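The next block is run_0.csv, given as CSV, C-alpha atoms.
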chain,number,residue,atom,x,y,z
A,1,MET,CA,-44.4,120.6,-49.8
A,2,VAL,CA,-42.5,121.1,-46.5
A,3,ILE,CA,-44.2,118.2,-44.8
A,4,ALA,CA,-44.8,115.8,-47.7
A,5,ASP,CA,-43.3,112.8,-45.9
A,6,VAL,CA,-45.4,113.4,-42.7
A,7,PHE,CA,-48.5,114.1,-44.8
A,8,ARG,CA,-48.1,110.8,-46.8
A,9,GLU,CA,-47.7,108.8,-43.6
A,10,GLY,CA,-50.7,110.3,-41.8
A,11,ILE,CA,-53.3,111.0,-44.5
A,12,LYS,CA,-55.7,108.1,-44.7
A,13,THR,CA,-58.2,109.0,-47.4
A,14,GLU,CA,-57.8,109.1,-51.2
A,15,ARG,CA,-59.5,112.5,-51.5
A,16,TRP,CA,-58.6,115.2,-49.1
A,17,GLY,CA,-59.2,118.9,-48.7
A,18,HIS,CA,-61.6,121.1,-46.8
A,19,PRO,CA,-62.3,119.7,-44.2
A,20,CYS,CA,-60.3,116.6,-44.0
A,21,GLU,CA,-58.3,114.7,-41.5
A,22,LEU,CA,-55.3,117.1,-41.9
A,23,GLU,CA,-57.4,120.2,-41.0
A,24,ALA,CA,-59.2,118.5,-38.2
A,25,SER,CA,-56.0,116.9,-36.8
A,26,MET,CA,-54.3,120.3,-36.7
A,27,GLY,CA,-57.3,121.7,-34.9
A,28,LEU,CA,-57.2,118.9,-32.4
A,29,ALA,CA,-53.5,119.6,-31.8
A,30,LEU,CA,-53.6,123.4,-31.7
A,31,GLN,CA,-57.0,124.3,-30.4
A,32,PRO,CA,-59.1,121.2,-29.6
A,33,ASP,CA,-62.2,123.2,-28.5
A,34,ILE,CA,-62.8,124.3,-32.1
A,35,VAL,CA,-63.2,120.7,-33.3
A,36,ARG,CA,-66.7,119.2,-32.8
A,37,GLN,CA,-65.8,115.6,-33.2
A,38,GLU,CA,-69.5,114.5,-33.1
A,39,SER,CA,-70.1,116.5,-36.2
A,40,LEU,CA,-67.2,115.2,-38.3
A,41,GLN,CA,-68.2,113.4,-41.5
A,42,ALA,CA,-66.7,111.9,-44.6
A,43,GLY,CA,-66.7,114.0,-47.7
A,44,GLY,CA,-69.6,113.8,-50.1
A,45,VAL,CA,-67.6,114.1,-53.3
A,46,LEU,CA,-69.8,114.4,-56.4
A,47,PRO,CA,-69.1,113.2,-59.9
A,48,PRO,CA,-67.8,116.0,-62.2
A,49,PRO,CA,-70.6,118.1,-63.7
A,50,LEU,CA,-68.9,118.3,-67.1
A,51,PRO,CA,-67.1,115.7,-69.2
A,52,TYR,CA,-63.3,115.6,-69.0
A,53,SER,CA,-63.3,118.0,-66.0
A,54,ASN,CA,-62.7,115.7,-63.1
A,55,ALA,CA,-60.6,117.8,-60.7
A,56,TRP,CA,-59.1,114.6,-59.2
A,57,GLU,CA,-57.6,113.4,-62.5
A,58,PRO,CA,-54.4,114.6,-64.3
A,59,LEU,CA,-54.7,116.2,-67.7
A,60,LYS,CA,-58.3,117.4,-67.1
A,61,LEU,CA,-59.9,120.4,-68.5
A,62,GLY,CA,-59.6,123.2,-65.9
A,63,VAL,CA,-63.1,124.4,-65.1
A,64,PRO,CA,-63.9,126.7,-62.2
A,65,LEU,CA,-66.5,125.0,-60.0
A,66,TRP,CA,-68.6,126.1,-57.1
A,67,PHE,CA,-67.8,124.1,-54.0
A,68,ASP,CA,-71.3,122.6,-54.0
A,69,GLU,CA,-70.7,121.3,-57.5
A,70,MET,CA,-67.8,119.2,-56.1
A,71,THR,CA,-69.2,118.0,-52.8
A,72,ALA,CA,-72.7,117.3,-51.4
A,73,ASN,CA,-71.9,118.1,-47.8
A,74,GLY,CA,-69.2,120.7,-48.1
A,75,ALA,CA,-66.4,118.2,-47.3
A,76,LEU,CA,-63.8,116.7,-49.5
A,77,GLY,CA,-61.8,114.6,-47.1
A,78,ASP,CA,-62.8,112.5,-44.1
A,79,ALA,CA,-62.4,114.5,-41.0
A,80,ARG,CA,-63.5,111.4,-38.9
A,81,GLN,CA,-59.9,110.1,-39.5
A,82,ALA,CA,-58.4,113.0,-37.6
A,83,SER,CA,-56.1,112.4,-34.7
A,84,ILE,CA,-54.2,114.6,-32.3
A,85,GLU,CA,-51.0,112.5,-33.0
A,86,PHE,CA,-51.2,113.4,-36.7
A,87,GLY,CA,-52.0,117.0,-35.9
A,88,ASN,CA,-48.9,117.2,-33.6
A,89,ALA,CA,-46.7,115.6,-36.2
A,90,VAL,CA,-47.8,118.0,-38.9
A,91,THR,CA,-47.6,121.2,-36.7
A,92,GLU,CA,-44.3,120.3,-35.0
A,93,THR,CA,-42.6,119.3,-38.3
A,94,THR,CA,-43.9,122.4,-40.1
A,95,VAL,CA,-42.6,124.7,-37.5
A,96,ARG,CA,-39.2,122.9,-37.1
A,97,ARG,CA,-38.6,122.9,-40.9
A,98,ALA,CA,-39.8,126.5,-41.4
A,99,VAL,CA,-37.3,127.6,-38.7
A,100,GLU,CA,-34.5,125.6,-40.3
A,101,PHE,CA,-35.3,127.2,-43.7
A,102,LEU,CA,-35.5,130.7,-42.3
A,103,GLU,CA,-32.3,130.4,-40.3
A,104,GLN,CA,-30.4,129.3,-43.4
A,105,PHE,CA,-32.2,131.9,-45.6
A,106,ILE,CA,-31.3,134.7,-43.2
A,107,ALA,CA,-27.7,133.5,-43.0
A,108,ARG,CA,-27.2,133.6,-46.7
A,109,ARG,CA,-24.7,136.0,-48.1
A,110,VAL,CA,-26.2,138.1,-50.9
A,111,PRO,CA,-23.7,138.5,-53.7
A,112,ALA,CA,-22.9,142.1,-54.6
A,113,ALA,CA,-24.7,143.2,-57.7
A,114,THR,CA,-22.7,143.1,-60.9
A,115,SER,CA,-22.7,146.2,-63.0
A,116,GLY,CA,-25.9,146.7,-64.9
A,117,VAL,CA,-27.7,143.9,-63.1
A,118,ARG,CA,-30.1,144.6,-60.4
Represent the structure from my file as structure tokens, please.
Amino acid sequence: MVIADVFREGIKTERWGHPCELEASMGLALQPDIVRQESLQAGGVLPPPLPYSNAWEPLKLGVPLWFDEMTANGALGDARQASIEFGNAVTETTVRRAVEFLEQFIARRVPAATSGVR
């Protein structure tokens, strides 16, 4: 992940995903009028509906689940933990690192194809 270090420092909840403090923080940083802070809630994560299929555990049985089978309120993370500071750190770091990657990628020399290899 391009921002793994920033993410680890800023994420506060064990479970995260739609919508969580990451998404809400980015909203606060980029377009604060779309974030209705009075409506933010913690995720209502439900227990797995089938044995050995806990999506949060390693080595699980992969089972496609409807979102309402995973969460009671449509949220996985805790958007109440959002902050504009975390959103700024995420967005600024993502853009800076993407630019750094793209500049180096564009500058790379592509070796001439060897005979028979395309």
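CA of Arg96 in chain A is positioned 29.4 Å from CA of Ala75 in chain A.
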Neighbour list for Trp66 in chain A as number ranges by chain, cut-off 12 Å, all atoms listed in the file, skip fewer than 3 positions in-chain
A: 46, 48-49, 63, 69-72, 74
Could you work out how far CA of Arg97 in chain A lies from CA of Gln31 in chain A, giving the answer in Å with one decimal?
21.2 Å
Neighbour list for Asn73 in chain A as a ChimeraX atom specification, cut-off 10 Å, only C-alpha atoms, skip fewer than 6 positions in-chain
/A:41-46,67
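We find CA of Ala82 in chain A and CA of Leu22 in chain A to be spaced 6.7 Å apart.
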Nearest to Leu76 in chain A, restricted to all atoms listed in the file and choosing among A:Trp56, A:Met1, A:Ile106, A:Ala98, comes out as A:Trp56
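Neighbouring residues of Ala24 in chain A at 7 Å or closer, counting all atoms listed in the file and skipping chain neighbours under 3 positions away, are Pro19, Cys20, Glu21, Gly27, Leu28, Val35, Ala79 and Ala82 of chain A.
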Which residues, protein or nucleic acid, reach to within 10 Å of (-49.3, 114.2, -40.1) in the file's coordinates when using all atoms listed in the file, and can you give that as a ChimeraX atom specification?
/A:3-12,21-22,25-26,82-94
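In terms of minimum interatomic distance to Gly77 in chain A, A:Leu40 ranks closest within A:Leu40, A:Ala55, A:Leu102, A:Leu61, counting all atoms listed in the file.
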